[in-house]
Amino acid sequence: MSTDTPKSPAALTSRARALLESTSFAEVLAGAKLGTAHVESANVLSGRNTNVAVHTDSGRGLFVKLVDPDPSNTGFEHTMKFEDFAHVNRRSMRSAGVPTLLASSREHGILVYELIPDARSLAATFDDREMDATRFESVGRQLATFHSASEGIDSIPTAAHRFPPLGSLRALPLKYWTGCSAAELEAWSLMQADAPLLDALADLRSQEADAPQRPVHGDMRLDQVLLDADSTYLTDFEDFRLGDPARDIGALLGDLTYRAVLSIIKDWSGDFALDADLTHESILDRGTDALEAQRPAFTEFWNGYRSVTGDLDSELTTRATAWVGWHMFDRLLAAGKDRNRLLSVHRAAAGIGRAATMDPARFRATFEAIPTGGQA
């Protein structure tokens, strides 16, 4: 793991500092002979968990993740299932570029990985306008290598993924509804009122169940890919399970698409001040141009993926395009958190998502970036 995107060091005064100074964490490090953590050297990193980069008294860099150990949270168990799978498939996982797990504690939900110095996430390179499309070739190769690993496959979790949540797309649970922001409710309303979209998503879940089942990451976004000067790494396997590889492909290419669409109005400080100055038509025009600019990355990805897998199941690219579409809605919900309204650019991204979900066969050439009628 890397020190990408540190938050303010002041965050160490809360849960992160408590983790690093806890007896349980010290015992985890001691049991793995990793030394003693220098708390004042730590950086808190972005992510849904408490993530910390810290060095020990031996100078070794560690990436520490605190996962909620509550039994209702499957993230820790799925991560450990992945580690068991990776151990059995050692050669494949080395090719797939997976950071080494050095120590763990189920009781306390602690995971300790090697720290990858000077690595950055693929998301950060995009946001800083430094993304190299050719790096997607290695991402494609590594994701295909992971999808193709087969030893110990019977031990992989088989529970269906929780997204898209078909029940919530019909009606939100009251407890969840009361905690939603106004923009989140707006996003749910857009989807719930769209009966053809709901039917398409239900059909996608059915296709997923019928597809060839392979090891999948389950949450494959740009910020789950780390880059250093020489290597590419896939990280964060809390949603690891058997599933349709198209889900991973669609999520990765969908995340690139979503970021490209948002970039048309972002002023690179994180603000969206230009949104009010753009008409719906100009947003669509700019969005089309932004999507076209990502075609080299799409091409590189598929070149890398096909170099490992050879023959693909005949509908993989079509299903992947439909998953690109769902990812737009997944990001729509994420964008709505802590906001009082959705921006027009969020709605534009959702419009792209609807088109890809409703008619993936028509739009798959866009996300393959090859001529229609080419290799499928």
# chains A, B, ... in the order shown; residues from 1 in each chain; ligands from 1
>>> closest_atom_pairs(of="segment 85-171 of chain A", to="segment 48-72 of chain A", cutoff="7 Å", atoms="only C-alpha atoms", output="tab-separated table")
residue	atom	partner	partner_atom	distance
A:Arg106	CA	A:Pro69	CA	6.9
A:Glu107	CA	A:Pro69	CA	6.7
A:His108	CA	A:Pro69	CA	6.1
A:Gly109	CA	A:Pro69	CA	4.7
A:Ile110	CA	A:Leu66	CA	4.8
A:Leu111	CA	A:Lys65	CA	5.1
A:Val112	CA	A:Val64	CA	4.6
A:Tyr113	CA	A:Phe63	CA	5.0
A:Glu114	CA	A:Leu62	CA	5.0
A:Leu115	CA	A:Leu62	CA	4.6
>>> write_last_selection(atoms="N, CA and C atoms", output="short mmCIF file (atom, residue, chain, number, x, y, z; two decimals), in the first residue's frame")
data_model
loop_
_atom_site.label_atom_id
_atom_site.label_comp_id
_atom_site.auth_asym_id
_atom_site.auth_seq_id
_atom_site.Cartn_x
_atom_site.Cartn_y
_atom_site.Cartn_z
N ARG A 106 -7.95 -10.82 13.56
CA ARG A 106 -9.39 -10.91 13.35
C ARG A 106 -10.15 -10.24 14.51
N GLU A 107 -9.66 -10.47 15.72
CA GLU A 107 -10.34 -9.95 16.90
C GLU A 107 -10.49 -8.44 16.86
N HIS A 108 -9.45 -7.75 16.39
CA HIS A 108 -9.45 -6.29 16.42
C HIS A 108 -9.65 -5.67 15.03
N GLY A 109 -9.76 -6.49 14.00
CA GLY A 109 -9.97 -5.97 12.66
C GLY A 109 -8.78 -5.22 12.09
N ILE A 110 -7.56 -5.65 12.47
CA ILE A 110 -6.34 -4.96 12.04
C ILE A 110 -5.67 -5.73 10.90
N LEU A 111 -5.32 -5.02 9.85
CA LEU A 111 -4.57 -5.57 8.72
C LEU A 111 -3.33 -4.72 8.53
N VAL A 112 -2.17 -5.36 8.42
CA VAL A 112 -0.90 -4.65 8.27
C VAL A 112 -0.22 -5.13 6.99
N TYR A 113 -0.01 -4.21 6.05
CA TYR A 113 0.61 -4.53 4.77
C TYR A 113 1.97 -3.85 4.65
N GLU A 114 2.77 -4.35 3.72
CA GLU A 114 3.99 -3.62 3.38
C GLU A 114 3.60 -2.27 2.78
N LEU A 115 4.34 -1.25 3.10
CA LEU A 115 4.11 0.07 2.51
C LEU A 115 4.91 0.17 1.22
#
>>> residues_around(residues="segment 232-249 of chain A", least_positions_apart="4", cutoff="7 Å", atoms="only C-alpha atoms", output="PyMOL selection string")
chain A and resi 75-76+78-79+82+97-99+138-139+147+156-158+208+211-220+224-228+253+316+319-320+323
>>> select_by_dssp(residues="segment 30-212 of chain A", states="strand (DSSP E or B)", output="ChimeraX atom specification")
/A:37-45,50-56,61-66,101-105,110-114,120-121
>>> closest_atom_pairs(of="segment 32-127 of chain A", to="segment 297-314 of chain A", cutoff="12 Å", atoms="only C-alpha atoms", output="JSON lines")
{"residue": "A:Ser92", "atom": "CA", "partner": "A:Val308", "partner_atom": "CA", "distance": 11.3}
{"residue": "A:Ser95", "atom": "CA", "partner": "A:Val308", "partner_atom": "CA", "distance": 11.0}
{"residue": "A:Ala96", "atom": "CA", "partner": "A:Val308", "partner_atom": "CA", "distance": 11.1}
{"residue": "A:Leu122", "atom": "CA", "partner": "A:Ala297", "partner_atom": "CA", "distance": 11.8}
{"residue": "A:Phe126", "atom": "CA", "partner": "A:Ala297", "partner_atom": "CA", "distance": 11.4}
>>> write_last_selection(atoms="N, CA, C and O atoms", output="compact mmCIF listing (two decimals), in the first residue's frame")
# COMPACT_ATOMS: atom_id res chain seq x y z
N SER A 92 0.55 -16.73 -9.64
CA SER A 92 -0.40 -15.83 -10.32
C SER A 92 -0.51 -14.50 -9.59
O SER A 92 -0.54 -13.44 -10.21
N SER A 95 2.25 -12.15 -10.28
CA SER A 95 2.05 -11.51 -11.57
C SER A 95 0.96 -10.45 -11.51
O SER A 95 1.00 -9.46 -12.22
N ALA A 96 -0.04 -10.69 -10.62
CA ALA A 96 -1.14 -9.74 -10.52
C ALA A 96 -0.76 -8.50 -9.73
O ALA A 96 -1.49 -7.51 -9.73
N LEU A 122 -4.05 5.25 -9.12
CA LEU A 122 -4.39 5.62 -10.48
C LEU A 122 -5.38 6.79 -10.47
O LEU A 122 -5.35 7.66 -11.34
N PHE A 126 -4.98 10.62 -12.29
CA PHE A 126 -6.01 11.23 -13.13
C PHE A 126 -6.37 12.61 -12.60
O PHE A 126 -6.42 13.59 -13.36
>>> closest_residue(among="A:Ala187, A:Ala182, A:Leu101, A:Leu201", to="His346 of chain A", atoms="only C-alpha atoms")
A:Ala187
>>> closest_residue(among="A:Leu19, A:Ala369, A:Leu332, A:Ala361", to="Ser344 of chain A", atoms="only C-alpha atoms")
A:Leu332
>>> select_by_dssp(residues="segment 33-156 of chain A", states="helix (DSSP H, G or I)", output="VMD selection string")
chain A and resid 75 to 88 90 to 96 122 to 127 135 to 148 153 to 155
>>> write_last_selection(atoms="C-alpha atoms", output="PDB file, in the first residue's frame")
ATOM      1  CA  GLY A  75     -14.850  -7.031   4.743  1.00  0.00           C
ATOM      2  CA  PHE A  76     -12.252  -8.561   7.045  1.00  0.00           C
ATOM      3  CA  GLU A  77     -13.303 -12.150   6.376  1.00  0.00           C
ATOM      4  CA  HIS A  78     -13.367 -11.608   2.618  1.00  0.00           C
ATOM      5  CA  THR A  79      -9.903 -10.056   2.796  1.00  0.00           C
ATOM      6  CA  MET A  80      -8.561 -13.073   4.648  1.00  0.00           C
ATOM      7  CA  LYS A  81     -10.255 -15.424   2.164  1.00  0.00           C
ATOM      8  CA  PHE A  82      -8.436 -13.538  -0.568  1.00  0.00           C
ATOM      9  CA  GLU A  83      -5.123 -13.945   1.270  1.00  0.00           C
ATOM     10  CA  ASP A  84      -5.702 -17.702   1.497  1.00  0.00           C
ATOM     11  CA  PHE A  85      -6.513 -17.766  -2.217  1.00  0.00           C
ATOM     12  CA  ALA A  86      -3.459 -15.650  -3.031  1.00  0.00           C
ATOM     13  CA  HIS A  87      -1.230 -18.019  -1.035  1.00  0.00           C
ATOM     14  CA  VAL A  88      -2.447 -21.028  -3.026  1.00  0.00           C
ATOM     15  CA  ARG A  90       1.353 -17.540  -5.323  1.00  0.00           C
ATOM     16  CA  ARG A  91       2.753 -17.394  -8.847  1.00  0.00           C
ATOM     17  CA  SER A  92      -0.396 -15.827 -10.320  1.00  0.00           C
ATOM     18  CA  MET A  93      -0.714 -13.311  -7.513  1.00  0.00           C
ATOM     19  CA  ARG A  94       2.883 -12.190  -7.930  1.00  0.00           C
ATOM     20  CA  SER A  95       2.049 -11.514 -11.575  1.00  0.00           C
ATOM     21  CA  ALA A  96      -1.143  -9.744 -10.516  1.00  0.00           C
ATOM     22  CA  LEU A 122      -4.394   5.624 -10.482  1.00  0.00           C
ATOM     23  CA  ALA A 123      -7.159   7.960  -9.299  1.00  0.00           C
ATOM     24  CA  ALA A 124      -4.623  10.492  -8.038  1.00  0.00           C
ATOM     25  CA  THR A 125      -2.738  10.501 -11.328  1.00  0.00           C
ATOM     26  CA  PHE A 126      -6.009  11.231 -13.131  1.00  0.00           C
ATOM     27  CA  ASP A 127      -7.058  13.971 -10.730  1.00  0.00           C
ATOM     28  CA  ARG A 135      -0.381   2.039 -17.645  1.00  0.00           C
ATOM     29  CA  PHE A 136      -3.814   0.586 -18.280  1.00  0.00           C
ATOM     30  CA  GLU A 137      -2.202  -2.200 -20.287  1.00  0.00           C
ATOM     31  CA  SER A 138      -0.575  -3.570 -17.136  1.00  0.00           C
ATOM     32  CA  VAL A 139      -3.824  -3.067 -15.193  1.00  0.00           C
ATOM     33  CA  GLY A 140      -5.643  -5.152 -17.814  1.00  0.00           C
ATOM     34  CA  ARG A 141      -3.005  -7.881 -17.677  1.00  0.00           C
ATOM     35  CA  GLN A 142      -3.021  -8.033 -13.907  1.00  0.00           C
ATOM     36  CA  LEU A 143      -6.784  -8.039 -13.562  1.00  0.00           C
ATOM     37  CA  ALA A 144      -7.022 -10.828 -16.160  1.00  0.00           C
ATOM     38  CA  THR A 145      -4.338 -12.807 -14.305  1.00  0.00           C
ATOM     39  CA  PHE A 146      -6.347 -12.502 -11.115  1.00  0.00           C
ATOM     40  CA  HIS A 147      -9.595 -13.482 -12.859  1.00  0.00           C
ATOM     41  CA  SER A 148      -7.863 -16.506 -14.409  1.00  0.00           C
ATOM     42  CA  ILE A 153     -11.464 -21.720  -6.180  1.00  0.00           C
ATOM     43  CA  ASP A 154     -13.902 -23.827  -4.149  1.00  0.00           C
ATOM     44  CA  SER A 155     -12.988 -21.895  -0.988  1.00  0.00           C
TER      45      SER A 155
END
